[in-house]
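See below for query-v4.cif, which holds mmCIF, C-alpha atoms.
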data_run
#
loop_
_atom_site.label_atom_id
_atom_site.label_comp_id
_atom_site.auth_asym_id
_atom_site.auth_seq_id
_atom_site.Cartn_x
_atom_site.Cartn_y
_atom_site.Cartn_z
CA MET A 7 -2.31 9.96 17.97
CA GLU A 8 1.16 8.44 17.87
CA THR A 9 2.41 7.96 14.29
CA TRP A 10 2.74 4.21 14.60
CA ASP A 11 -0.82 3.94 15.88
CA ALA A 12 -2.13 6.03 12.97
CA LEU A 13 -0.17 3.99 10.43
CA THR A 14 -1.46 0.70 11.82
CA ALA A 15 -5.04 1.91 12.46
CA ARG A 16 -5.66 3.20 8.92
CA ARG A 17 -8.14 0.91 7.20
CA GLN A 18 -10.37 0.92 4.14
CA GLU A 19 -13.78 1.91 5.54
CA ARG A 20 -17.01 1.75 3.53
CA ALA A 21 -19.60 2.35 6.26
CA TYR A 22 -19.87 5.85 7.69
CA ALA A 23 -21.95 7.58 10.36
CA ASP A 24 -24.01 10.61 9.33
CA THR A 25 -21.91 12.88 11.59
CA PRO A 26 -20.26 15.56 9.46
CA VAL A 27 -16.50 16.04 9.41
CA ASP A 28 -15.32 19.04 11.41
CA ASP A 29 -14.08 21.78 9.08
CA ALA A 30 -10.72 22.18 10.85
CA ASP A 31 -10.16 18.42 10.62
CA LEU A 32 -10.98 18.43 6.91
CA ARG A 33 -8.55 21.26 6.29
CA ARG A 34 -5.80 19.47 8.17
CA VAL A 35 -6.31 16.31 6.16
CA LEU A 36 -6.15 18.29 2.91
CA GLU A 37 -3.05 20.09 4.17
CA ALA A 38 -1.36 16.70 4.62
CA GLY A 39 -2.10 15.97 0.96
CA ARG A 40 -0.83 19.37 -0.14
CA ARG A 41 2.46 18.80 1.72
CA SER A 42 3.16 15.43 0.10
CA PRO A 43 6.42 14.83 -1.72
CA SER A 44 6.40 14.51 -5.49
CA ALA A 45 8.81 14.04 -8.37
CA ARG A 46 10.81 17.26 -8.76
CA ASN A 47 8.24 18.81 -6.40
CA LEU A 48 5.83 19.07 -9.36
CA GLN A 49 2.74 18.60 -7.12
CA ARG A 50 0.62 17.37 -10.00
CA TRP A 51 -2.58 17.10 -7.99
CA ASP A 52 -5.73 19.02 -7.17
CA PHE A 53 -8.30 18.04 -4.56
CA VAL A 54 -12.00 18.72 -5.17
CA VAL A 55 -14.01 18.38 -1.95
CA ILE A 56 -17.56 17.09 -2.39
CA THR A 57 -20.20 17.00 0.34
CA ASP A 58 -23.40 17.56 -1.66
CA PRO A 59 -25.43 14.31 -1.66
CA THR A 60 -26.47 14.62 -5.31
CA ALA A 61 -22.92 15.30 -6.47
CA LYS A 62 -21.64 12.36 -4.40
CA ALA A 63 -24.29 10.06 -5.87
CA ASP A 64 -23.43 11.20 -9.41
CA LEU A 65 -19.73 10.74 -8.76
CA ALA A 66 -20.34 7.19 -7.57
CA ARG A 67 -21.57 6.35 -11.07
CA THR A 68 -18.10 6.96 -12.52
CA TRP A 69 -17.10 3.41 -11.63
CA GLN A 70 -18.98 0.23 -10.77
CA GLY A 71 -16.86 -0.22 -7.63
CA ALA A 72 -17.64 3.26 -6.26
CA GLY A 73 -21.24 2.63 -5.24
CA TRP A 74 -20.46 2.83 -1.52
CA THR A 75 -18.74 6.24 -1.65
CA PRO A 76 -21.83 8.52 -1.25
CA GLY A 77 -22.27 7.11 2.26
CA ALA A 78 -19.27 9.10 3.40
CA PRO A 79 -19.95 12.71 4.46
CA VAL A 80 -16.91 13.91 2.47
CA VAL A 81 -15.52 12.69 -0.83
CA ILE A 82 -12.21 14.14 -2.04
CA ALA A 83 -11.77 13.78 -5.79
CA VAL A 84 -8.06 13.51 -6.58
CA VAL A 85 -7.45 15.16 -9.95
CA ALA A 86 -4.22 15.27 -11.97
CA PRO A 87 -2.97 16.40 -15.40
CA GLU A 88 -3.25 14.04 -18.36
CA THR A 89 -0.07 13.33 -20.33
CA ASP A 90 0.92 11.17 -23.30
CA ASP A 91 4.32 10.48 -21.78
CA GLU A 92 4.25 6.96 -20.36
CA TRP A 93 6.97 7.66 -17.78
CA GLN A 94 5.16 10.77 -16.53
CA LYS A 95 1.83 8.92 -16.33
CA LEU A 96 3.40 6.40 -13.97
CA SER A 97 5.19 9.12 -12.04
CA ILE A 98 1.93 11.01 -11.51
CA GLU A 99 0.09 7.93 -10.23
CA TYR A 100 2.99 7.16 -7.90
CA ASP A 101 2.81 10.69 -6.50
CA LEU A 102 -0.97 10.47 -6.11
CA GLY A 103 -0.43 7.31 -4.08
CA GLN A 104 1.90 9.31 -1.85
CA ALA A 105 -0.64 12.12 -1.46
CA THR A 106 -3.59 9.87 -0.64
CA THR A 107 -1.59 8.00 1.99
CA ALA A 108 -0.70 11.31 3.65
CA ILE A 109 -4.43 12.17 3.53
CA THR A 110 -5.65 8.88 4.97
CA VAL A 111 -2.97 8.73 7.69
CA ALA A 112 -3.74 12.34 8.70
CA ALA A 113 -7.45 11.40 8.81
CA THR A 114 -6.75 8.34 10.97
CA ASP A 115 -4.80 10.55 13.38
CA LEU A 116 -8.03 12.53 13.91
CA GLY A 117 -10.11 9.41 14.52
CA LEU A 118 -11.63 9.64 11.05
CA ALA A 119 -12.14 6.64 8.83
CA SER A 120 -11.22 6.81 5.16
CA GLY A 121 -11.55 4.83 1.99
CA GLN A 122 -10.50 4.87 -1.62
CA SER A 123 -12.12 4.08 -4.91
CA SER A 124 -11.07 4.33 -8.53
CA CYS A 125 -12.80 6.81 -10.80
CA ARG A 126 -13.08 5.74 -14.43
CA ASP A 127 -15.73 7.59 -16.45
CA GLN A 128 -13.82 10.81 -17.00
CA ASP A 129 -16.52 12.59 -19.01
CA LEU A 130 -19.00 12.06 -16.19
CA ALA A 131 -16.45 13.02 -13.51
CA ARG A 132 -15.56 16.17 -15.47
CA SER A 133 -19.20 17.19 -15.80
CA ILE A 134 -19.68 16.89 -12.02
CA LEU A 135 -16.36 18.31 -10.85
CA GLY A 136 -15.64 20.85 -13.58
CA PHE A 137 -11.94 20.06 -13.99
CA PRO A 138 -10.19 21.01 -17.27
CA ALA A 139 -10.23 18.77 -20.36
CA ASP A 140 -6.51 17.99 -19.96
CA HIS A 141 -7.01 16.59 -16.44
CA TYR A 142 -8.46 13.34 -15.08
CA CYS A 143 -9.84 12.16 -11.78
CA SER A 144 -7.76 9.24 -10.54
CA LYS A 145 -9.31 8.43 -7.18
CA LEU A 146 -12.16 9.21 -4.83
CA VAL A 147 -11.03 9.37 -1.21
CA THR A 148 -13.81 9.15 1.38
CA LEU A 149 -13.70 10.62 4.87
CA GLY A 150 -16.00 10.40 7.86
CA HIS A 151 -16.65 8.94 11.25
CA PRO A 152 -16.98 5.15 11.03
CA ALA A 153 -20.47 3.69 11.42
CA GLY A 154 -19.07 0.70 13.29
CA ARG A 155 -15.95 0.11 15.37
CA ALA A 156 -13.72 3.07 16.09
CA VAL A 157 -10.46 3.60 14.25
CA ALA A 158 -7.80 1.73 16.27
CA PRO A 159 -4.52 -0.09 15.57
CA ILE A 160 -4.93 -3.42 13.77
CA ARG A 161 -2.81 -6.10 15.35
CA THR A 162 -2.67 -8.67 12.56
CA PRO A 163 -3.49 -7.12 9.19
CA ASP A 164 -4.37 -9.31 6.23
CA ARG A 165 -1.02 -9.02 4.47
CA ARG A 166 1.74 -11.19 2.98
CA PRO A 167 4.20 -12.34 5.67
CA PHE A 168 7.07 -9.99 6.51
CA ASP A 169 9.71 -12.55 5.55
CA GLU A 170 8.14 -13.03 2.15
CA VAL A 171 7.98 -9.30 1.37
CA VAL A 172 11.38 -8.31 2.76
CA HIS A 173 14.62 -9.57 1.23
CA TRP A 174 18.00 -8.96 2.83
CA SER A 175 20.84 -7.97 0.46
CA ARG A 176 19.40 -9.93 -2.45
CA TRP A 177 16.06 -11.32 -3.64
CA MET B 20 6.25 11.23 17.57
CA GLU B 21 2.77 12.64 17.03
CA THR B 22 1.38 11.75 13.59
CA TRP B 23 1.05 15.36 12.48
CA ASP B 24 4.65 16.05 13.44
CA ALA B 25 5.87 13.03 11.47
CA LEU B 26 3.79 13.98 8.42
CA THR B 27 5.11 17.53 8.44
CA ALA B 28 8.71 16.62 9.36
CA ARG B 29 9.22 14.11 6.54
CA ARG B 30 11.60 15.59 4.00
CA GLN B 31 13.75 14.41 1.08
CA GLU B 32 17.21 13.97 2.62
CA ARG B 33 20.35 13.36 0.59
CA ALA B 34 23.04 13.80 3.24
CA TYR B 35 23.40 11.08 5.87
CA ALA B 36 25.58 10.47 8.91
CA ASP B 37 27.62 7.26 9.00
CA THR B 38 25.63 6.01 12.03
CA PRO B 39 23.92 2.73 11.12
CA VAL B 40 20.15 2.31 11.38
CA ASP B 41 19.05 0.28 14.39
CA ASP B 42 17.76 -3.13 13.30
CA ALA B 43 14.47 -2.82 15.21
CA ASP B 44 13.88 0.59 13.61
CA LEU B 45 14.57 -0.79 10.15
CA ARG B 46 12.14 -3.64 10.73
CA ARG B 47 9.44 -1.26 11.90
CA VAL B 48 9.86 0.92 8.82
CA LEU B 49 9.60 -2.13 6.56
CA GLU B 50 6.56 -3.31 8.52
CA ALA B 51 4.87 0.02 7.74
CA GLY B 52 5.45 -0.67 4.04
CA ARG B 53 4.18 -4.23 4.33
CA ARG B 54 0.97 -2.99 5.96
CA SER B 55 0.18 -0.46 3.22
CA PRO B 56 -3.15 -0.57 1.44
CA SER B 57 -3.28 -1.68 -2.18
CA ALA B 58 -5.79 -2.28 -4.95
CA ARG B 59 -7.77 -5.41 -4.03
CA ASN B 60 -5.10 -5.99 -1.36
CA LEU B 61 -2.80 -7.35 -4.08
CA GLN B 62 0.35 -6.10 -2.29
CA ARG B 63 2.38 -6.05 -5.49
CA TRP B 64 5.65 -5.05 -3.86
CA ASP B 65 8.84 -6.57 -2.49
CA PHE B 66 11.49 -4.72 -0.53
CA VAL B 67 15.16 -5.59 -0.97
CA VAL B 68 17.28 -4.08 1.81
CA ILE B 69 20.81 -3.07 0.79
CA THR B 70 23.54 -2.01 3.20
CA ASP B 71 26.66 -3.28 1.43
CA PRO B 72 28.69 -0.28 0.16
CA THR B 73 29.60 -1.93 -3.14
CA ALA B 74 26.00 -2.96 -3.84
CA LYS B 75 24.77 0.55 -2.98
CA ALA B 76 27.35 2.10 -5.30
CA ASP B 77 26.40 -0.27 -8.12
CA LEU B 78 22.70 0.43 -7.56
CA ALA B 79 23.33 4.17 -7.79
CA ARG B 80 24.43 3.63 -11.40
CA THR B 81 20.90 2.54 -12.41
CA TRP B 82 19.92 6.19 -12.85
CA GLN B 83 21.83 9.44 -13.31
CA GLY B 84 19.80 11.03 -10.49
CA ALA B 85 20.65 8.30 -7.96
CA GLY B 86 24.29 9.25 -7.37
CA TRP B 87 23.63 10.47 -3.82
CA THR B 88 21.94 7.26 -2.61
CA PRO B 89 25.05 5.25 -1.50
CA GLY B 90 25.61 7.90 1.21
CA ALA B 91 22.64 6.48 3.13
CA PRO B 92 23.41 3.52 5.43
CA VAL B 93 20.31 1.70 4.13
CA VAL B 94 18.78 1.60 0.67
CA ILE B 95 15.45 -0.16 0.21
CA ALA B 96 14.88 -1.23 -3.40
CA VAL B 97 11.14 -1.26 -4.10
CA VAL B 98 10.42 -4.04 -6.58
CA ALA B 99 7.12 -4.88 -8.30
CA PRO B 100 5.77 -7.19 -11.01
CA GLU B 101 5.92 -6.11 -14.64
CA THR B 102 2.67 -6.15 -16.60
CA ASP B 103 1.56 -5.26 -20.13
CA ASP B 104 -1.80 -4.03 -18.85
CA GLU B 105 -1.72 -0.23 -18.85
CA TRP B 106 -4.33 0.09 -16.09
CA GLN B 107 -2.44 -2.33 -13.85
CA LYS B 108 0.87 -0.56 -14.48
CA LEU B 109 -0.63 2.67 -13.18
CA SER B 110 -2.33 0.89 -10.30
CA ILE B 111 0.96 -0.70 -9.22
CA GLU B 112 2.83 2.61 -9.25
CA TYR B 113 0.00 4.22 -7.29
CA ASP B 114 0.26 1.47 -4.67
CA LEU B 115 4.05 1.79 -4.53
CA GLY B 116 3.56 5.48 -3.78
CA GLN B 117 1.32 4.48 -0.90
CA ALA B 118 3.89 1.99 0.42
CA THR B 119 6.86 4.36 0.22
CA THR B 120 4.94 7.10 2.04
CA ALA B 121 4.14 4.65 4.83
CA ILE B 122 7.86 3.77 4.92
CA THR B 123 9.10 7.36 4.99
CA VAL B 124 6.53 8.54 7.55
CA ALA B 125 7.37 5.57 9.80
CA ALA B 126 11.05 6.45 9.43
CA THR B 127 10.41 10.09 10.32
CA ASP B 128 8.58 8.95 13.43
CA LEU B 129 11.83 7.29 14.55
CA GLY B 130 13.91 10.39 13.86
CA LEU B 131 15.31 8.88 10.69
CA ALA B 132 15.71 10.83 7.48
CA SER B 133 14.65 9.31 4.19
CA GLY B 134 14.88 9.97 0.51
CA GLN B 135 13.70 8.59 -2.79
CA SER B 136 15.20 8.09 -6.19
CA SER B 137 14.01 6.51 -9.40
CA CYS B 138 15.67 3.35 -10.66
CA ARG B 139 15.81 2.99 -14.45
CA ASP B 140 18.41 0.50 -15.73
CA GLN B 141 16.50 -2.68 -14.97
CA ASP B 142 19.14 -5.10 -16.27
CA LEU B 143 21.71 -3.57 -13.94
CA ALA B 144 19.26 -3.43 -11.01
CA ARG B 145 18.33 -7.08 -11.59
CA SER B 146 21.97 -8.19 -11.67
CA ILE B 147 22.58 -6.50 -8.30
CA LEU B 148 19.31 -7.35 -6.56
CA GLY B 149 18.51 -10.72 -8.12
CA PHE B 150 14.79 -10.12 -8.65
CA PRO B 151 12.94 -12.21 -11.28
CA ALA B 152 12.86 -11.28 -14.97
CA ASP B 153 9.16 -10.39 -14.76
CA HIS B 154 9.76 -7.78 -12.03
CA TYR B 155 11.25 -4.27 -12.04
CA CYS B 156 12.73 -1.95 -9.47
CA SER B 157 10.67 1.23 -9.34
CA LYS B 158 12.33 3.23 -6.59
CA LEU B 159 15.27 3.36 -4.21
CA VAL B 160 14.27 4.57 -0.76
CA THR B 161 17.14 5.73 1.46
CA LEU B 162 17.17 5.67 5.25
CA GLY B 163 19.56 6.95 7.85
CA HIS B 164 20.33 9.58 10.42
CA PRO B 165 20.63 13.00 8.81
CA ALA B 166 24.13 14.48 8.50
CA GLY B 167 22.78 17.96 9.16
CA ARG B 168 19.73 19.30 10.99
CA ALA B 169 17.54 16.85 12.85
CA VAL B 170 14.20 15.68 11.46
CA ALA B 171 11.62 18.19 12.72
CA PRO B 172 8.30 19.64 11.52
CA ILE B 173 8.63 22.05 8.59
CA ARG B 174 6.53 25.15 9.14
CA THR B 175 6.27 26.50 5.60
CA PRO B 176 6.99 23.80 3.02
CA ASP B 177 7.75 24.73 -0.58
CA ARG B 178 4.35 23.82 -2.00
CA ARG B 179 1.52 25.29 -4.07
CA PRO B 180 -0.86 27.39 -1.91
CA PHE B 181 -3.67 25.54 -0.16
CA ASP B 182 -6.37 27.57 -1.92
CA GLU B 183 -4.93 26.74 -5.32
CA VAL B 184 -4.76 22.99 -4.65
CA VAL B 185 -8.10 22.62 -2.87
CA HIS B 186 -11.39 23.24 -4.64
CA TRP B 187 -14.71 23.30 -2.80
CA SER B 188 -17.63 21.51 -4.53
CA ARG B 189 -16.31 22.23 -8.01
CA TRP B 190 -13.02 23.07 -9.75
#
So, in terms of structure tokens, how does the structure I just supplied come out?
Amino acid sequence: METWDALTARRQERAYADTPVDDADLRRVLEAGRRSPSARNLQRWDFVVITDPTAKADLARTWQGAGWTPGAPVVIAVVAPETDDEWQKLSIEYDLGQATTAITVAATDLGLASGQSSCRDQDLARSILGFPADHYCSKLVTLGHPAGRAVAPIRTPDRRPFDEVVHWSRW
Amino acid sequence: METWDALTARRQERAYADTPVDDADLRRVLEAGRRSPSARNLQRWDFVVITDPTAKADLARTWQGAGWTPGAPVVIAVVAPETDDEWQKLSIEYDLGQATTAITVAATDLGLASGQSSCRDQDLARSILGFPADHYCSKLVTLGHPAGRAVAPIRTPDRRPFDEVVHWSRW
């Protein structure tokens, strides 16, 4: 798919078909995440890929807003190191935002739908995913074929107007 | 450009040609940022576009690592609301990471190079950019034609190995 089409077709999808995600497609999407830029190239991220229905259902209990995630055939748990340094905390979350956008745009390019959810209960997430005590799970990224309309460019997205968001030379 | 090519060609560029960025290209790159996903679609970002050499030079003094940024014909200052809520702070930075990746991938698609720098001295940034007292400038995103090699897919990026970053079912 053309880049502009993938960028404008990406949407938050919560309803997935049962069709599994092709393994080569999944690897390519993860590769996009792995290649993401990060502060000083620190790459403070790990991706845990979950397809087991029980594990997905357990993971969905880590946050009240994650109840829809087990419907996706693949859930990627985005895990990062904990730190007490406020600046680094923000820097890590910024870089995770970069990585998940690479993941979701790469997925869109393959006709896959994607979604994101927070993950809050870290003890529960750790017990399911097995990540170290000094790490946390920031997000759950879902992947799959959409149950409804195909992934296609969105003409008029629900966003603030261009001229409100963009300032020329000065606010 | 094909999406996969744009995702794999994006790189952190610090050396730019003097050639200005085409206005339609700049608008498309900003549109990619505007369309980015965000927590509850809050869109907590504003983009201030700087091309004036003096303003770019002043802006570069907001952080010791930003000295290279005035070499780019365009600098986009990414501005967001301040908050005392720790969770929201992290959520905003995560969303800014999503927006800047959309911006840099859209730029790559147009053959433009891009780069990123932190912005730290908020009083100085505010005096140059004119954003409100309850906002901060998180990042400077540079855009332009590369001075050296063209933007093209990178075969073997300097990243952690795939099998170290990706975990199947469990860490």
Transformed chain B, reference chain A, full Cα set in order, as a JSON list (two decimals) with C-alpha atoms, in the coordinates of the input:
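Ended up saving to part.json:
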[["chain", "number", "residue", "atom", "x", "y", "z"],
["B", 20, "MET", "CA", -2.31, 9.97, 17.98],
["B", 21, "GLU", "CA", 1.16, 8.43, 17.88],
["B", 22, "THR", "CA", 2.42, 7.97, 14.31],
["B", 23, "TRP", "CA", 2.73, 4.20, 14.61],
["B", 24, "ASP", "CA", -0.83, 3.94, 15.89],
["B", 25, "ALA", "CA", -2.14, 6.02, 12.98],
["B", 26, "LEU", "CA", -0.16, 3.99, 10.43],
["B", 27, "THR", "CA", -1.46, 0.71, 11.82],
["B", 28, "ALA", "CA", -5.03, 1.92, 12.46],
["B", 29, "ARG", "CA", -5.66, 3.20, 8.93],
["B", 30, "ARG", "CA", -8.12, 0.90, 7.21],
["B", 31, "GLN", "CA", -10.38, 0.92, 4.14],
["B", 32, "GLU", "CA", -13.78, 1.93, 5.53],
["B", 33, "ARG", "CA", -17.00, 1.76, 3.53],
["B", 34, "ALA", "CA", -19.59, 2.36, 6.25],
["B", 35, "TYR", "CA", -19.87, 5.86, 7.69],
["B", 36, "ALA", "CA", -21.95, 7.58, 10.36],
["B", 37, "ASP", "CA", -24.00, 10.60, 9.32],
["B", 38, "THR", "CA", -21.91, 12.88, 11.59],
["B", 39, "PRO", "CA", -20.26, 15.57, 9.46],
["B", 40, "VAL", "CA", -16.49, 16.03, 9.41],
["B", 41, "ASP", "CA", -15.29, 19.03, 11.40],
["B", 42, "ASP", "CA", -14.07, 21.78, 9.08],
["B", 43, "ALA", "CA", -10.71, 22.18, 10.85],
["B", 44, "ASP", "CA", -10.15, 18.42, 10.61],
["B", 45, "LEU", "CA", -10.98, 18.41, 6.91],
["B", 46, "ARG", "CA", -8.55, 21.25, 6.30],
["B", 47, "ARG", "CA", -5.79, 19.46, 8.18],
["B", 48, "VAL", "CA", -6.31, 16.30, 6.15],
["B", 49, "LEU", "CA", -6.15, 18.28, 2.91],
["B", 50, "GLU", "CA", -3.05, 20.09, 4.18],
["B", 51, "ALA", "CA", -1.36, 16.69, 4.63],
["B", 52, "GLY", "CA", -2.08, 15.96, 0.97],
["B", 53, "ARG", "CA", -0.83, 19.36, -0.14],
["B", 54, "ARG", "CA", 2.45, 18.80, 1.72],
["B", 55, "SER", "CA", 3.16, 15.42, 0.10],
["B", 56, "PRO", "CA", 6.42, 14.84, -1.72],
["B", 57, "SER", "CA", 6.41, 14.52, -5.49],
["B", 58, "ALA", "CA", 8.82, 14.02, -8.37],
["B", 59, "ARG", "CA", 10.81, 17.26, -8.76],
["B", 60, "ASN", "CA", 8.23, 18.81, -6.40],
["B", 61, "LEU", "CA", 5.83, 19.07, -9.35],
["B", 62, "GLN", "CA", 2.75, 18.60, -7.11],
["B", 63, "ARG", "CA", 0.61, 17.38, -9.99],
["B", 64, "TRP", "CA", -2.59, 17.08, -7.98],
["B", 65, "ASP", "CA", -5.74, 19.02, -7.17],
["B", 66, "PHE", "CA", -8.31, 18.05, -4.56],
["B", 67, "VAL", "CA", -12.00, 18.72, -5.17],
["B", 68, "VAL", "CA", -14.01, 18.37, -1.95],
["B", 69, "ILE", "CA", -17.56, 17.08, -2.39],
["B", 70, "THR", "CA", -20.20, 17.01, 0.34],
["B", 71, "ASP", "CA", -23.39, 17.55, -1.67],
["B", 72, "PRO", "CA", -25.44, 14.31, -1.65],
["B", 73, "THR", "CA", -26.48, 14.62, -5.30],
["B", 74, "ALA", "CA", -22.92, 15.29, -6.46],
["B", 75, "LYS", "CA", -21.63, 12.34, -4.40],
["B", 76, "ALA", "CA", -24.28, 10.06, -5.88],
["B", 77, "ASP", "CA", -23.45, 11.20, -9.41],
["B", 78, "LEU", "CA", -19.73, 10.73, -8.76],
["B", 79, "ALA", "CA", -20.34, 7.18, -7.56],
["B", 80, "ARG", "CA", -21.57, 6.34, -11.07],
["B", 81, "THR", "CA", -18.09, 6.95, -12.54],
["B", 82, "TRP", "CA", -17.10, 3.40, -11.62],
["B", 83, "GLN", "CA", -19.00, 0.22, -10.77],
["B", 84, "GLY", "CA", -16.86, -0.21, -7.63],
["B", 85, "ALA", "CA", -17.64, 3.27, -6.27],
["B", 86, "GLY", "CA", -21.25, 2.63, -5.24],
["B", 87, "TRP", "CA", -20.45, 2.82, -1.52],
["B", 88, "THR", "CA", -18.74, 6.24, -1.65],
["B", 89, "PRO", "CA", -21.83, 8.54, -1.26],
["B", 90, "GLY", "CA", -22.27, 7.09, 2.26],
["B", 91, "ALA", "CA", -19.24, 9.10, 3.40],
["B", 92, "PRO", "CA", -19.95, 12.71, 4.46],
["B", 93, "VAL", "CA", -16.91, 13.90, 2.47],
["B", 94, "VAL", "CA", -15.51, 12.69, -0.83],
["B", 95, "ILE", "CA", -12.21, 14.13, -2.04],
["B", 96, "ALA", "CA", -11.78, 13.77, -5.80],
["B", 97, "VAL", "CA", -8.06, 13.51, -6.60],
["B", 98, "VAL", "CA", -7.45, 15.16, -9.96],
["B", 99, "ALA", "CA", -4.22, 15.28, -11.99],
["B", 100, "PRO", "CA", -2.99, 16.40, -15.41],
["B", 101, "GLU", "CA", -3.26, 14.05, -18.37],
["B", 102, "THR", "CA", -0.08, 13.33, -20.31],
["B", 103, "ASP", "CA", 0.91, 11.18, -23.30],
["B", 104, "ASP", "CA", 4.32, 10.49, -21.77],
["B", 105, "GLU", "CA", 4.27, 6.97, -20.35],
["B", 106, "TRP", "CA", 6.98, 7.68, -17.77],
["B", 107, "GLN", "CA", 5.15, 10.78, -16.52],
["B", 108, "LYS", "CA", 1.83, 8.92, -16.33],
["B", 109, "LEU", "CA", 3.40, 6.40, -13.97],
["B", 110, "SER", "CA", 5.19, 9.11, -12.03],
["B", 111, "ILE", "CA", 1.93, 11.01, -11.50],
["B", 112, "GLU", "CA", 0.08, 7.94, -10.23],
["B", 113, "TYR", "CA", 2.99, 7.16, -7.91],
["B", 114, "ASP", "CA", 2.81, 10.69, -6.50],
["B", 115, "LEU", "CA", -0.97, 10.47, -6.11],
["B", 116, "GLY", "CA", -0.43, 7.32, -4.06],
["B", 117, "GLN", "CA", 1.90, 9.31, -1.84],
["B", 118, "ALA", "CA", -0.63, 12.13, -1.45],
["B", 119, "THR", "CA", -3.59, 9.88, -0.65],
["B", 120, "THR", "CA", -1.59, 8.00, 1.99],
["B", 121, "ALA", "CA", -0.71, 11.31, 3.63],
["B", 122, "ILE", "CA", -4.43, 12.18, 3.52],
["B", 123, "THR", "CA", -5.64, 8.89, 4.97],
["B", 124, "VAL", "CA", -2.97, 8.73, 7.69],
["B", 125, "ALA", "CA", -3.75, 12.33, 8.70],
["B", 126, "ALA", "CA", -7.43, 11.40, 8.82],
["B", 127, "THR", "CA", -6.74, 8.35, 10.98],
["B", 128, "ASP", "CA", -4.81, 10.55, 13.37],
["B", 129, "LEU", "CA", -8.02, 12.53, 13.91],
["B", 130, "GLY", "CA", -10.11, 9.42, 14.50],
["B", 131, "LEU", "CA", -11.63, 9.64, 11.05],
["B", 132, "ALA", "CA", -12.13, 6.64, 8.81],
["B", 133, "SER", "CA", -11.20, 6.82, 5.16],
["B", 134, "GLY", "CA", -11.56, 4.84, 2.00],
["B", 135, "GLN", "CA", -10.51, 4.88, -1.62],
["B", 136, "SER", "CA", -12.13, 4.08, -4.90],
["B", 137, "SER", "CA", -11.07, 4.35, -8.51],
["B", 138, "CYS", "CA", -12.79, 6.82, -10.80],
["B", 139, "ARG", "CA", -13.07, 5.74, -14.44],
["B", 140, "ASP", "CA", -15.73, 7.59, -16.46],
["B", 141, "GLN", "CA", -13.82, 10.81, -17.01],
["B", 142, "ASP", "CA", -16.52, 12.59, -19.03],
["B", 143, "LEU", "CA", -18.99, 12.06, -16.20],
["B", 144, "ALA", "CA", -16.44, 13.00, -13.52],
["B", 145, "ARG", "CA", -15.56, 16.17, -15.45],
["B", 146, "SER", "CA", -19.21, 17.19, -15.81],
["B", 147, "ILE", "CA", -19.68, 16.89, -12.03],
["B", 148, "LEU", "CA", -16.36, 18.30, -10.86],
["B", 149, "GLY", "CA", -15.64, 20.84, -13.59],
["B", 150, "PHE", "CA", -11.94, 20.06, -13.99],
["B", 151, "PRO", "CA", -10.20, 21.01, -17.27],
["B", 152, "ALA", "CA", -10.24, 18.77, -20.35],
["B", 153, "ASP", "CA", -6.53, 18.00, -19.96],
["B", 154, "HIS", "CA", -7.01, 16.60, -16.43],
["B", 155, "TYR", "CA", -8.48, 13.35, -15.08],
["B", 156, "CYS", "CA", -9.85, 12.16, -11.78],
["B", 157, "SER", "CA", -7.76, 9.24, -10.54],
["B", 158, "LYS", "CA", -9.31, 8.42, -7.19],
["B", 159, "LEU", "CA", -12.16, 9.21, -4.83],
["B", 160, "VAL", "CA", -11.03, 9.37, -1.21],
["B", 161, "THR", "CA", -13.81, 9.14, 1.38],
["B", 162, "LEU", "CA", -13.71, 10.61, 4.87],
["B", 163, "GLY", "CA", -15.99, 10.41, 7.85],
["B", 164, "HIS", "CA", -16.65, 8.93, 11.24],
["B", 165, "PRO", "CA", -16.98, 5.16, 11.03],
["B", 166, "ALA", "CA", -20.48, 3.69, 11.42],
["B", 167, "GLY", "CA", -19.09, 0.70, 13.28],
["B", 168, "ARG", "CA", -15.96, 0.12, 15.37],
["B", 169, "ALA", "CA", -13.73, 3.07, 16.10],
["B", 170, "VAL", "CA", -10.45, 3.61, 14.25],
["B", 171, "ALA", "CA", -7.80, 1.74, 16.27],
["B", 172, "PRO", "CA", -4.52, -0.08, 15.58],
["B", 173, "ILE", "CA", -4.94, -3.40, 13.77],
["B", 174, "ARG", "CA", -2.80, -6.09, 15.36],
["B", 175, "THR", "CA", -2.66, -8.66, 12.57],
["B", 176, "PRO", "CA", -3.49, -7.12, 9.20],
["B", 177, "ASP", "CA", -4.37, -9.32, 6.23],
["B", 178, "ARG", "CA", -1.03, -9.02, 4.46],
["B", 179, "ARG", "CA", 1.74, -11.18, 2.98],
["B", 180, "PRO", "CA", 4.21, -12.34, 5.68],
["B", 181, "PHE", "CA", 7.06, -9.99, 6.52],
["B", 182, "ASP", "CA", 9.71, -12.55, 5.54],
["B", 183, "GLU", "CA", 8.15, -13.04, 2.13],
["B", 184, "VAL", "CA", 7.98, -9.30, 1.36],
["B", 185, "VAL", "CA", 11.37, -8.32, 2.76],
["B", 186, "HIS", "CA", 14.60, -9.58, 1.23],
["B", 187, "TRP", "CA", 17.99, -8.97, 2.84],
["B", 188, "SER", "CA", 20.83, -7.98, 0.46],
["B", 189, "ARG", "CA", 19.39, -9.93, -2.45],
["B", 190, "TRP", "CA", 16.05, -11.34, -3.63]]
Practice task
Report as a list in words the set of chain A residues whose atoms approach chain B to within 6 Å, with distances computed over all atoms listed in the file.
Solution key: Met7, Glu8, Thr9, Asp52, Phe53, Val54, Val55, Ile56, Leu96, Glu99, Tyr100, Asp101, Gly103, Gln104, Thr107, Leu135, Gly136, Phe137, Val171, Val172, His173, Trp174, Ser175, Arg176 and Trp177 of chain A
Handout entry: Pick from A:Ser120, A:Gln128, A:Thr68, A:Thr110, whichever lies nearest to Ala153 (chain A) using only C-alpha atoms
Key =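 With only C-alpha atoms as the atom set, the closest residue is A:Ser120.
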